[in-house]
Structures are given as structure tokens and as C-alpha cells.
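Chemist: Have a look at this one.
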2 protein chains.
Amino acid sequence: MTRTVYVNGEYLPETEATVSIFDRGFLFADGVYEVTSVLDGKLVDFAGHAKRLERSLGELEMTNPTTESELLEIHRELVARNGIEEGLIYLQITRGAADRDFAYPEDAAPTIVLFTQAKPGLADSPAAKAGIKVITIEDQRWGRRDIKTVQLLYPSMGKMMAKKAGADDAWMIEDGFVTEGTSNNAYIVKDGTIITRHLGTEILHGITRAAVLRFAREAQMKVEERAFTADEARDADEAFITSASSFVMPVVEIDGSAIGTGKPGPVATRLRDIYLDEMRKAAV
Amino acid sequence: MTRTVYVNGEYLPETEATVSIFDRGFLFADGVYEVTSVLDGKLVDFAGHAKRLERSLGELEMTNPTTESELLEIHRELVARNGIEEGLIYLQITRGAADRDFAYPEDAAPTIVLFTQAKPGLADSPAAKAGIKVITIEDQRWGRRDIKTVQLLYPSMGKMMAKKAGADDAWMIEDGFVTEGTSNNAYIVKDGTIITRHLGTEILHGITRAAVLRFAREAQMKVEERAFTADEARDADEAFITSASSFVMPVVEIDGSAIGTGKPGPVATRLRDIYLDEMRKAAV
């Protein structure tokens, strides 16, 4: 089956979906993105993603070619046309096409692209039951990870380093502290306290992170937002990650050492259940 | 006039030159590039660029879809079809199109794109006679600047910061030392010695840099390859940059302070002349 995707106002078969070779997304990685998950054919935390998109665009002095309600309509149309029950919707906006110049063009129209990825079993994931394994790697990314840009080569390299090491993902280390996973926020649990890095330019301000921390606090769990080391992670009782595509995913091994019992822990498991329940209810 | 460009084996009008929205160059900045200058309708230091391209591809475990002789032929064909006497040829290779996944695809064919930019007066540039102004900004790029990837958002932002400050370019500072310009290597001259940062992962290994340093040594000039500070630059007798598109370009002001006499200095001027003379002779 050929997906229907969205490019600059048109719904197209994926095989015909192209952008100019002069698009600054292609030449300069001059673009931002969002990934929204779909459960029961509905959008999870759409408003959160739309808000972060505006922030990313603002930080780069880039224009949004759509309104939030138009974006919602496009998302829903793609879900319907592609029959997505569980999966993801990817959205990218770039500064548009212009003859190559490091300086921003004055008259380029932004490019907007959206496509779906069907992921049957996303919520009832075997990985969530088994937990995933991570390795630690040096964080070599640029300094503004709070802007969700398509400069994703290093996270991509990190994912390959993990695969080669027989693991599922990599946690990145900067000045001795864990920043985050290649495409997710990182957490440990010690003596009942959930510890995750504080917000700043060093990490992405995860939409799932914000929701999960809110649910944790509402459930009277103790949360500390501070940097933690890889050693602390090795000594933790549990660990997990959050992202739009993995929700809450237990981490059971770091650099070959089991974390806690080496099985998904009660805090991660409970938070995943709460997150999925609440988000299914609130999905639009 | 519409340029003829090259995309994956075809010569096309620029208006029809596209890549898939699933190209990893567009989605992940998973691509590398080279820019070769053209003088008298011939390619400057083509072999140097072809060699660095291979290195960049190798560092990213990416495949070159062409041989060096095929690449040379494509470059020459584009020069001929577009009637380029002075200008640039841009070349980009990406890991190709595949459904979006941080892990590298196993079966994607690399994408290759080339286009020309006519730049009449590139060698006899008014900017080279007046010198350019730079500001200093923090270096926020990723850690592997020796790989010539398309992750160019921060250099692009830096160029805009320079423009807003009434300058031409920005020199990036890391841990107190100048790394390089937004798209060029940086040099100062003090008491007759040319000082430029040593090679490493912190800077691009400039093809023009290598040639200019060779010519400087052949002309019995003293060269020190070491990191220097912005303060040293302010106190220098001269400063300049090198790149494929600017050759050797004098820098006469840094953060609003004149360098030396505030005019292009003799070392930069002489090196530009030598470089252009030698490169015209060796161009292919």
C-alpha cells in the first residue's frame, strides 16, 4: 500500500512526494519537526506538540505556514486517509527553497511535510514488557537541543553504535552527566524518587516528559529534576525513557549491567499504564 | 535562465530537481557535501575535494555512488552546460531515501545532487580589496566538524548574527579559543608568523587551508598551527580567512575593533595572489 502524505498544501502518494534540492531542510538542516502518536485513531497530546513547534520556529525566526487548527485538520485527514489506528504522524517545517546561501533567504516560502507511520501494537509493545538495553556514549550534539531541529545525524549515529553493541539505544553523556537518549528523555528511580535531568538547552523539552512528570506528581510520586551520572544509573533501582513514540519504556540494562532486578520496575510500569490511560482519554 | 543541475544520474532543469521527502538528507541531515570553485571555466583543486568527500563518507559509513572520474565528468558537464567561467559547484551525497528511522537503512541507494552557482568577479573581488568584518560568537556546533556534513544550521545562524551586527561573518569561540569562521578557516598574522588552528575534530580540514599553508611554507613564511584567542586576534597585525569560495580573504575588523591598520595586510594579500596564480595554473 502506498501512503498518502502531505506536502505544501497537497495530499500526494508517497512515491510522488518531493521537495526541491534547494530546500534548506536538505542543504542546511534548516528545519524543525514534531512526532505525534496516534492511539485508537486519535492524536495524543496534539496541543503540546503544536505549542513546541511554535517555540522551535520562533527560536529560529522561521514562519509557520499553517495555523494550529489547520495542522490538526491535516493530521486528522492523514490518519483517516491512511487508516492509522496506532502509529505516528511526522511533521517537518523548513525555511523553504532558495539558492544556496548561509544567510537566510528573504522571500522563501516555508516547506511543510507530514506523513504517517503505522505502528500496530505500539501501546501493547513487547519491548515495554521486556525493557530495553542502553549503552552510554559521549554527547556530541550541538548546543541547542531544546530546539527540535532535523540535525539528527549524531542521534542516528548513536542508534547505530547501540545496535552494534547489541543494545537498543544510547544515553548521551556530557561532562559526566546523562543528557538524554538518542530520541527520548532519560530517567532513573532510586529509593522511590524519579530523577530526570532539569530542562535547559542541553535536552529536548519532551512533551511526553511534561505529561509523565505531571502524572507522577499527581500520583504522589517524588520527582527530582536534576542531572544524574551514568554511575547513578548503574546503581539505580529502575530506569526508563519517555518519548512520543515509546510513551514510557523501561530500561533494564546499561552498558551491559542490569539495572535493579534487570526487569521492568514498578514505577516505570505504573507510569506507562497511567500515561496510556490518561492519554487515550484525552486524545483528539 | 534556468540552471541545469544533476540529480541521481540525470541532468535536469533546476525547477524539476527534487528529492524524496523521505531522503535522509532532508529528515536527518544525514549527508555530506563539497564546494569546488571554478576559475577560467576550470575546477580548482578538484582532487582535494574528491579526497575529502571520500573521507567524510567513510566516517559516516556511507557509500559513494560515483567514482572520482565520474564525478569529474559531472562537474565538467555542469560547468559546460551552465557556461560557468567563475563560480562554484556544490555537491551533496546523502544516505538516500527510506522510511523514517534513526537506524541507518540497509538497502537505501545514496542520493547525489550537484548544482552550479555563477559568481562573476569571484577572483577579482571588491571584498578582497576592502577586507571583511567579523564578530565572535560561541561555537555551538556538534563535535565532529572534521566531517563535512550538512548540519549547517548553526553556521547559518552565525551568519545572520554577523549580518545583524553589521559584519560579514562570525568567528566561533570554544573554551576561549577561535575554532573557525562559519564556512571558512581563520588565521591571524603576528610579527610575520601566520597562526591558524591545528587540525582536529574541532574544525573542518579546509582544502584551501592545506594549499595556502603549503604555499606559505614554500614562500618561506613562518606558520604556526595552534589555537589562538579572540584577544590575540584583536592584537594581531593582520587576519584572514580561507575557503573554496573566498580563496584568501583579508579580515580587517573583529567585534568592531580594527585589526592592524584596519586594511588588508601584506601577508593576506600576497597569499591570495599566490593562491590564485598557482590554482589557475593547476585547475582542471
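In the C-alpha cells, each chain is lettered A, B, ... as it comes, each chain's residues begin at 1, and ligands are numbered from 1 in order of appearance.
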Please report, as a Markdown table, each residue of chain A lying at most 7 Å from chain B, together with the nearest pair of atoms and the separation in Å rounded to one decimal; use only C-alpha atoms, and order rows by chain and ascending residue number.

Modeler:
| residue | atom | partner | partner_atom | distance |
| --- | --- | --- | --- | --- |
| A:Ala17 | CA | B:Ile21 | CA | 5.9 |
| A:Thr18 | CA | B:Ser20 | CA | 4.3 |
| A:Val19 | CA | B:Thr18 | CA | 5.3 |
| A:Ser20 | CA | B:Thr18 | CA | 4.3 |
| A:Ile21 | CA | B:Thr18 | CA | 5.0 |
| A:Gly25 | CA | B:Phe26 | CA | 5.3 |
| A:Phe26 | CA | B:Phe26 | CA | 4.3 |
| A:Leu27 | CA | B:Val150 | CA | 6.0 |
| A:Phe28 | CA | B:Leu152 | CA | 4.7 |
| A:Ala29 | CA | B:Gln151 | CA | 5.4 |
| A:Asp30 | CA | B:Leu153 | CA | 5.4 |
| A:Phe102 | CA | B:Ser156 | CA | 4.6 |
| A:Ala103 | CA | B:Lys159 | CA | 5.7 |
| A:Gln140 | CA | B:Gly143 | CA | 4.8 |
| A:Arg141 | CA | B:Trp142 | CA | 4.4 |
| A:Trp142 | CA | B:Trp142 | CA | 4.1 |
| A:Gly143 | CA | B:Gln140 | CA | 4.8 |
| A:Val150 | CA | B:Phe28 | CA | 5.3 |
| A:Gln151 | CA | B:Ala29 | CA | 5.4 |
| A:Leu152 | CA | B:Phe28 | CA | 4.6 |
| A:Leu153 | CA | B:Asp30 | CA | 5.3 |
| A:Ser156 | CA | B:Phe102 | CA | 4.6 |
| A:Lys159 | CA | B:Ala103 | CA | 5.7 |
| A:Met160 | CA | B:Ala103 | CA | 5.7 |

Chemist: Save out the residues we just selected, N, CA and C atoms, as an mmCIF file, in the first residue's frame.

Modeler:
data_model
loop_
_atom_site.group_PDB
_atom_site.id
_atom_site.type_symbol
_atom_site.label_atom_id
_atom_site.label_comp_id
_atom_site.auth_asym_id
_atom_site.auth_seq_id
_atom_site.Cartn_x
_atom_site.Cartn_y
_atom_site.Cartn_z
ATOM 1 N N ALA A 17 6.012 12.331 -3.546
ATOM 2 C CA ALA A 17 6.201 13.410 -2.570
ATOM 3 C C ALA A 17 7.659 13.844 -2.541
ATOM 4 N N THR A 18 7.929 15.036 -3.039
ATOM 5 C CA THR A 18 9.313 15.512 -3.129
ATOM 6 C C THR A 18 9.429 16.950 -2.651
ATOM 7 N N VAL A 19 10.657 17.340 -2.398
ATOM 8 C CA VAL A 19 10.981 18.751 -2.142
ATOM 9 C C VAL A 19 12.127 19.126 -3.077
ATOM 10 N N SER A 20 12.271 20.411 -3.299
ATOM 11 C CA SER A 20 13.356 20.906 -4.158
ATOM 12 C C SER A 20 14.717 20.532 -3.579
ATOM 13 N N ILE A 21 15.699 20.300 -4.451
ATOM 14 C CA ILE A 21 17.066 20.079 -3.959
ATOM 15 C C ILE A 21 17.609 21.354 -3.305
ATOM 16 N N GLY A 25 15.995 22.620 4.208
ATOM 17 C CA GLY A 25 15.989 21.417 5.045
ATOM 18 C C GLY A 25 17.005 20.406 4.543
ATOM 19 N N PHE A 26 17.150 20.322 3.244
ATOM 20 C CA PHE A 26 18.076 19.384 2.601
ATOM 21 C C PHE A 26 19.517 19.914 2.610
ATOM 22 N N LEU A 27 19.692 21.205 2.381
ATOM 23 C CA LEU A 27 21.048 21.774 2.243
ATOM 24 C C LEU A 27 21.676 22.212 3.556
ATOM 25 N N PHE A 28 20.837 22.652 4.529
ATOM 26 C CA PHE A 28 21.378 23.248 5.758
ATOM 27 C C PHE A 28 20.812 22.647 7.043
ATOM 28 N N ALA A 29 19.969 21.617 6.935
ATOM 29 C CA ALA A 29 19.266 21.106 8.113
ATOM 30 C C ALA A 29 18.524 22.249 8.810
ATOM 31 N N ASP A 30 18.012 23.166 7.984
ATOM 32 C CA ASP A 30 17.353 24.376 8.477
ATOM 33 C C ASP A 30 15.851 24.103 8.587
ATOM 34 N N PHE A 102 24.409 30.757 3.186
ATOM 35 C CA PHE A 102 24.282 30.575 4.629
ATOM 36 C C PHE A 102 23.284 31.574 5.225
ATOM 37 N N ALA A 103 23.248 32.786 4.696
ATOM 38 C CA ALA A 103 22.276 33.769 5.194
ATOM 39 C C ALA A 103 20.872 33.305 4.845
ATOM 40 N N GLN A 140 27.738 14.411 21.533
ATOM 41 C CA GLN A 140 28.494 15.247 20.590
ATOM 42 C C GLN A 140 27.583 16.213 19.833
ATOM 43 N N ARG A 141 26.351 16.362 20.276
ATOM 44 C CA ARG A 141 25.410 17.202 19.524
ATOM 45 C C ARG A 141 25.687 18.693 19.701
ATOM 46 N N TRP A 142 25.005 19.494 18.916
ATOM 47 C CA TRP A 142 25.159 20.941 19.036
ATOM 48 C C TRP A 142 24.549 21.425 20.350
ATOM 49 N N GLY A 143 24.689 22.715 20.638
ATOM 50 C CA GLY A 143 24.339 23.245 21.947
ATOM 51 C C GLY A 143 22.873 23.550 22.192
ATOM 52 N N VAL A 150 16.122 19.213 12.676
ATOM 53 C CA VAL A 150 16.405 17.958 11.972
ATOM 54 C C VAL A 150 17.905 17.646 11.920
ATOM 55 N N GLN A 151 18.691 18.324 12.724
ATOM 56 C CA GLN A 151 20.121 18.000 12.804
ATOM 57 C C GLN A 151 20.281 16.719 13.630
ATOM 58 N N LEU A 152 19.894 15.604 13.033
ATOM 59 C CA LEU A 152 19.774 14.355 13.778
ATOM 60 C C LEU A 152 20.840 13.330 13.424
ATOM 61 N N LEU A 153 21.919 13.774 12.798
ATOM 62 C CA LEU A 153 22.928 12.800 12.385
ATOM 63 C C LEU A 153 23.569 12.123 13.582
ATOM 64 N N SER A 156 21.392 9.614 15.201
ATOM 65 C CA SER A 156 21.325 8.483 14.288
ATOM 66 C C SER A 156 22.592 7.619 14.422
ATOM 67 N N LYS A 159 22.345 5.665 17.605
ATOM 68 C CA LYS A 159 21.465 4.496 17.482
ATOM 69 C C LYS A 159 22.226 3.332 16.854
ATOM 70 N N MET A 160 23.077 3.639 15.863
ATOM 71 C CA MET A 160 23.869 2.586 15.216
ATOM 72 C C MET A 160 24.934 2.025 16.169
#

Chemist: Least-squares align chain B to chain A using all Cα atoms paired by position, then dump the moved coordinates as a CSV table (one decimal) with C-alpha atoms, in the first residue's frame.

Modeler:
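What follows is the written file result.csv:
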chain,number,residue,atom,x,y,z
B,1,MET,CA,0.0,0.0,0.0
B,2,THR,CA,1.2,3.5,-0.8
B,3,ARG,CA,0.8,6.1,1.9
B,4,THR,CA,-0.8,9.4,1.3
B,5,VAL,CA,1.4,12.2,2.6
B,6,TYR,CA,1.0,15.9,2.8
B,7,VAL,CA,3.4,18.4,1.1
B,8,ASN,CA,2.8,22.1,0.9
B,9,GLY,CA,-1.0,22.0,0.7
B,10,GLU,CA,-1.4,18.8,-1.3
B,11,TYR,CA,-2.2,15.2,-0.4
B,12,LEU,CA,0.0,13.0,-2.6
B,13,PRO,CA,1.0,9.4,-2.9
B,14,GLU,CA,4.3,9.0,-1.1
B,15,THR,CA,6.1,8.0,-4.3
B,16,GLU,CA,5.4,11.5,-5.7
B,17,ALA,CA,6.2,13.4,-2.6
B,18,THR,CA,9.3,15.5,-3.1
B,19,VAL,CA,11.0,18.8,-2.2
B,20,SER,CA,13.3,20.9,-4.2
B,21,ILE,CA,17.1,20.1,-4.0
B,22,PHE,CA,17.4,23.8,-2.9
B,23,ASP,CA,15.2,23.2,0.1
B,24,ARG,CA,17.1,24.5,3.1
B,25,GLY,CA,16.0,21.4,5.0
B,26,PHE,CA,18.1,19.4,2.6
B,27,LEU,CA,21.0,21.8,2.2
B,28,PHE,CA,21.4,23.3,5.7
B,29,ALA,CA,19.3,21.1,8.1
B,30,ASP,CA,17.4,24.4,8.5
B,31,GLY,CA,14.1,22.8,9.7
B,32,VAL,CA,12.2,21.6,12.7
B,33,TYR,CA,9.9,18.7,13.3
B,34,GLU,CA,7.4,17.1,15.6
B,35,VAL,CA,6.2,13.5,16.0
B,36,THR,CA,2.7,12.9,17.4
B,37,SER,CA,1.5,9.5,18.3
B,38,VAL,CA,-1.9,8.0,17.4
B,39,LEU,CA,-3.9,5.7,19.7
B,40,ASP,CA,-7.3,4.4,18.7
B,41,GLY,CA,-7.1,6.6,15.6
B,42,LYS,CA,-6.8,9.7,17.7
B,43,LEU,CA,-3.9,12.2,18.3
B,44,VAL,CA,-2.0,12.1,21.6
B,45,ASP,CA,-1.2,15.4,23.2
B,46,PHE,CA,-1.6,17.3,19.9
B,47,ALA,CA,-1.8,20.7,21.6
B,48,GLY,CA,1.6,20.0,23.3
B,49,HIS,CA,3.3,19.3,20.0
B,50,ALA,CA,1.7,22.2,18.3
B,51,LYS,CA,2.9,24.5,21.1
B,52,ARG,CA,6.5,23.2,21.0
B,53,LEU,CA,6.5,23.5,17.2
B,54,GLU,CA,5.7,27.2,17.6
B,55,ARG,CA,8.6,27.6,20.1
B,56,SER,CA,11.1,25.8,17.8
B,57,LEU,CA,10.0,28.0,14.8
B,58,GLY,CA,10.3,31.1,17.0
B,59,GLU,CA,13.8,30.3,18.1
B,60,LEU,CA,14.9,30.1,14.5
B,61,GLU,CA,12.9,33.1,13.3
B,62,MET,CA,11.0,30.8,11.0
B,63,THR,CA,7.4,31.1,9.9
B,64,ASN,CA,4.6,28.6,10.4
B,65,PRO,CA,2.8,28.3,7.1
B,66,THR,CA,-0.3,26.9,9.0
B,67,THR,CA,-2.5,27.7,12.0
B,68,GLU,CA,-2.9,25.1,14.8
B,69,SER,CA,-6.4,24.3,13.6
B,70,GLU,CA,-5.2,23.7,10.0
B,71,LEU,CA,-2.5,21.5,11.4
B,72,LEU,CA,-5.0,19.5,13.4
B,73,GLU,CA,-7.1,19.1,10.3
B,74,ILE,CA,-4.1,17.8,8.2
B,75,HIS,CA,-3.2,15.4,11.0
B,76,ARG,CA,-6.7,14.0,11.1
B,77,GLU,CA,-7.0,13.8,7.4
B,78,LEU,CA,-3.8,11.8,7.2
B,79,VAL,CA,-5.0,9.5,9.9
B,80,ALA,CA,-8.2,8.9,8.0
B,81,ARG,CA,-6.7,8.5,4.6
B,82,ASN,CA,-4.1,6.0,5.8
B,83,GLY,CA,-6.4,4.2,8.2
B,84,ILE,CA,-4.0,4.7,11.2
B,85,GLU,CA,-5.2,3.1,14.4
B,86,GLU,CA,-1.9,3.1,16.2
B,87,GLY,CA,1.2,4.8,14.8
B,88,LEU,CA,2.9,8.2,14.4
B,89,ILE,CA,2.5,11.3,12.4
B,90,TYR,CA,5.7,13.1,11.5
B,91,LEU,CA,5.6,16.8,10.7
B,92,GLN,CA,8.5,18.9,9.3
B,93,ILE,CA,8.7,22.6,8.5
B,94,THR,CA,11.8,24.1,6.8
B,95,ARG,CA,12.7,27.6,5.9
B,96,GLY,CA,11.9,26.7,2.3
B,97,ALA,CA,13.8,26.6,-1.0
B,98,ALA,CA,16.2,29.3,-2.2
B,99,ASP,CA,19.6,29.5,-3.9
B,100,ARG,CA,22.2,28.2,-1.5
B,101,ASP,CA,23.5,30.8,0.9
B,102,PHE,CA,24.3,30.6,4.6
B,103,ALA,CA,22.3,33.8,5.2
B,104,TYR,CA,18.5,33.2,5.5
B,105,PRO,CA,16.6,34.0,2.3
B,106,GLU,CA,14.3,36.9,2.5
B,107,ASP,CA,11.5,35.6,0.3
B,108,ALA,CA,11.4,31.8,0.6
B,109,ALA,CA,8.0,30.2,1.5
B,110,PRO,CA,8.4,27.6,4.3
B,111,THR,CA,8.1,24.0,3.3
B,112,ILE,CA,5.7,21.8,5.2
B,113,VAL,CA,5.7,18.0,5.0
B,114,LEU,CA,3.7,15.4,7.0
B,115,PHE,CA,3.5,11.7,6.8
B,116,THR,CA,2.2,8.8,8.8
B,117,GLN,CA,3.8,5.6,10.1
B,118,ALA,CA,1.5,2.8,11.0
B,119,LYS,CA,2.8,1.0,14.2
B,120,PRO,CA,0.3,-1.7,15.1
B,121,GLY,CA,0.9,-2.8,18.7
B,122,LEU,CA,2.6,0.5,19.7
B,123,ALA,CA,0.7,0.6,23.0
B,124,ASP,CA,0.8,-3.1,23.8
B,125,SER,CA,4.5,-3.3,23.0
B,126,PRO,CA,6.6,-6.4,23.7
B,127,ALA,CA,9.6,-4.1,24.3
B,128,ALA,CA,7.7,-2.5,27.2
B,129,LYS,CA,7.3,-5.8,28.8
B,130,ALA,CA,10.9,-6.9,28.4
B,131,GLY,CA,12.5,-3.5,28.8
B,132,ILE,CA,15.3,-2.1,26.6
B,133,LYS,CA,19.1,-2.1,26.9
B,134,VAL,CA,21.1,1.1,26.6
B,135,ILE,CA,24.8,1.9,26.2
B,136,THR,CA,26.4,5.3,27.1
B,137,ILE,CA,28.1,7.4,24.5
B,138,GLU,CA,29.6,10.9,24.5
B,139,ASP,CA,27.1,13.6,23.7
B,140,GLN,CA,28.5,15.2,20.6
B,141,ARG,CA,25.4,17.2,19.5
B,142,TRP,CA,25.2,20.9,19.0
B,143,GLY,CA,24.3,23.2,21.9
B,144,ARG,CA,20.6,24.0,21.3
B,145,ARG,CA,19.0,20.6,21.9
B,146,ASP,CA,15.9,22.4,23.2
B,147,ILE,CA,15.1,23.4,19.6
B,148,LYS,CA,13.7,20.3,17.8
B,149,THR,CA,15.7,20.6,14.6
B,150,VAL,CA,16.4,18.0,12.0
B,151,GLN,CA,20.1,18.0,12.8
B,152,LEU,CA,19.8,14.4,13.8
B,153,LEU,CA,22.9,12.8,12.4
B,154,TYR,CA,24.6,12.2,15.7
B,155,PRO,CA,21.5,10.7,17.4
B,156,SER,CA,21.3,8.5,14.3
B,157,MET,CA,25.0,7.5,14.7
B,158,GLY,CA,24.3,6.8,18.4
B,159,LYS,CA,21.5,4.5,17.5
B,160,MET,CA,23.9,2.6,15.2
B,161,MET,CA,26.5,2.4,18.0
B,162,ALA,CA,23.9,0.9,20.2
B,163,LYS,CA,22.8,-1.6,17.6
B,164,LYS,CA,26.4,-2.7,17.0
B,165,ALA,CA,26.8,-3.2,20.8
B,166,GLY,CA,23.7,-5.4,20.9
B,167,ALA,CA,21.7,-2.7,22.7
B,168,ASP,CA,18.5,-0.8,21.8
B,169,ASP,CA,19.5,2.8,22.4
B,170,ALA,CA,22.2,5.1,23.7
B,171,TRP,CA,22.2,7.5,26.6
B,172,MET,CA,24.4,10.5,25.9
B,173,ILE,CA,26.9,11.8,28.5
B,174,GLU,CA,28.2,15.3,28.8
B,175,ASP,CA,30.6,16.5,31.4
B,176,GLY,CA,29.9,13.3,33.3
B,177,PHE,CA,26.1,13.6,33.3
B,178,VAL,CA,23.4,11.9,31.3
B,179,THR,CA,21.7,14.4,29.0
B,180,GLU,CA,19.1,12.1,27.3
B,181,GLY,CA,18.6,9.2,24.9
B,182,THR,CA,19.0,9.5,21.2
B,183,SER,CA,15.3,10.4,20.7
B,184,ASN,CA,13.9,10.3,24.2
B,185,ASN,CA,14.3,11.7,27.7
B,186,ALA,CA,16.1,9.6,30.3
B,187,TYR,CA,15.0,8.8,33.9
B,188,ILE,CA,16.2,6.7,36.9
B,189,VAL,CA,14.4,5.7,40.0
B,190,LYS,CA,16.2,5.5,43.3
B,191,ASP,CA,14.6,4.8,46.7
B,192,GLY,CA,11.2,5.7,45.2
B,193,THR,CA,12.3,9.0,43.7
B,194,ILE,CA,12.1,9.6,40.0
B,195,ILE,CA,15.2,11.5,38.8
B,196,THR,CA,15.4,13.2,35.4
B,197,ARG,CA,17.5,15.9,34.0
B,198,HIS,CA,16.2,19.5,34.5
B,199,LEU,CA,15.2,21.5,31.4
B,200,GLY,CA,17.7,23.6,29.7
B,201,THR,CA,19.4,24.0,26.3
B,202,GLU,CA,21.1,20.6,26.9
B,203,ILE,CA,18.0,18.5,26.3
B,204,LEU,CA,14.8,18.4,24.4
B,205,HIS,CA,11.8,19.6,26.4
B,206,GLY,CA,9.8,16.4,25.9
B,207,ILE,CA,6.1,16.7,25.5
B,208,THR,CA,5.8,13.2,26.9
B,209,ARG,CA,8.2,14.1,29.7
B,210,ALA,CA,6.0,17.0,30.8
B,211,ALA,CA,2.9,14.8,30.9
B,212,VAL,CA,4.6,11.9,32.7
B,213,LEU,CA,6.1,14.2,35.4
B,214,ARG,CA,2.7,15.7,35.9
B,215,PHE,CA,1.0,12.3,36.3
B,216,ALA,CA,3.8,11.2,38.6
B,217,ARG,CA,3.3,14.2,40.9
B,218,GLU,CA,-0.5,13.8,40.8
B,219,ALA,CA,0.1,10.2,41.9
B,220,GLN,CA,2.2,11.5,44.8
B,221,MET,CA,5.4,10.1,43.4
B,222,LYS,CA,8.5,12.0,44.4
B,223,VAL,CA,10.3,13.7,41.4
B,224,GLU,CA,13.7,15.3,41.3
B,225,GLU,CA,14.6,17.3,38.2
B,226,ARG,CA,18.4,17.3,38.2
B,227,ALA,CA,21.4,15.9,36.2
B,228,PHE,CA,22.5,12.3,37.1
B,229,THR,CA,25.6,10.4,36.2
B,230,ALA,CA,26.0,7.0,34.4
B,231,ASP,CA,27.2,5.6,37.8
B,232,GLU,CA,24.0,6.7,39.4
B,233,ALA,CA,22.1,5.0,36.6
B,234,ARG,CA,24.0,1.7,37.2
B,235,ASP,CA,23.1,1.9,40.9
B,236,ALA,CA,19.5,2.8,40.3
B,237,ASP,CA,16.5,0.6,41.3
B,238,GLU,CA,14.9,1.3,37.9
B,239,ALA,CA,15.4,3.3,34.8
B,240,PHE,CA,13.1,4.3,31.9
B,241,ILE,CA,12.8,6.6,28.9
B,242,THR,CA,9.9,8.7,27.6
B,243,SER,CA,9.1,9.9,24.1
B,244,ALA,CA,6.0,10.4,21.9
B,245,SER,CA,6.7,7.1,20.1
B,246,SER,CA,7.7,4.9,23.1
B,247,PHE,CA,5.4,6.5,25.7
B,248,VAL,CA,7.1,5.2,28.9
B,249,MET,CA,9.6,2.5,28.2
B,250,PRO,CA,11.5,0.6,30.9
B,251,VAL,CA,15.3,0.4,30.6
B,252,VAL,CA,16.7,-2.8,32.2
B,253,GLU,CA,20.4,-2.7,31.3
B,254,ILE,CA,23.1,0.0,30.9
B,255,ASP,CA,26.5,-0.8,29.4
B,256,GLY,CA,25.8,-4.5,29.9
B,257,SER,CA,25.0,-4.2,33.6
B,258,ALA,CA,21.5,-5.0,34.8
B,259,ILE,CA,19.6,-2.1,36.5
B,260,GLY,CA,17.9,-3.2,39.7
B,261,THR,CA,16.4,-6.6,39.1
B,262,GLY,CA,17.1,-6.5,35.4
B,263,LYS,CA,13.4,-6.4,34.7
B,264,PRO,CA,10.9,-3.5,34.2
B,265,GLY,CA,10.3,-1.9,37.5
B,266,PRO,CA,7.1,-1.0,39.2
B,267,VAL,CA,7.4,2.8,38.8
B,268,ALA,CA,8.0,2.7,35.1
B,269,THR,CA,5.3,0.1,34.6
B,270,ARG,CA,2.8,2.1,36.6
B,271,LEU,CA,3.7,5.4,34.9
B,272,ARG,CA,3.3,3.7,31.5
B,273,ASP,CA,-0.2,2.5,32.4
B,274,ILE,CA,-1.3,5.9,33.8
B,275,TYR,CA,0.1,7.7,30.8
B,276,LEU,CA,-1.6,5.4,28.3
B,277,ASP,CA,-4.9,5.5,30.2
B,278,GLU,CA,-4.9,9.3,30.6
B,279,MET,CA,-3.7,10.0,27.0
B,280,ARG,CA,-6.3,7.7,25.5
B,281,LYS,CA,-9.0,9.6,27.3
B,282,ALA,CA,-7.6,13.0,26.3
B,283,ALA,CA,-6.7,12.1,22.7
B,284,VAL,CA,-8.4,14.2,20.0

Chemist: What parts of stretch 3-144 of chain B does DSSP call alpha helix (DSSP H)? I'd like the answer as JSON, numbers by chain.

Modeler: {"B": [24, 25, 26, 27, 28, 46, 47, 48, 49, 50, 51, 52, 53, 54, 55, 56, 57, 58, 59, 68, 69, 70, 71, 72, 73, 74, 75, 76, 77, 78, 79, 80, 81, 126, 127, 128, 129, 130]}

Chemist: Write out as a ChimeraX atom specification the set of residues from stretch 28-249 of chain A that DSSP, computed on the backbone, places in strand (DSSP E or B).

Modeler: /A:31-39,42-43,87-94,97,111-118,132-138,149,169-174,177-181,184-190,193-196,222-225,229,238-243,247-249
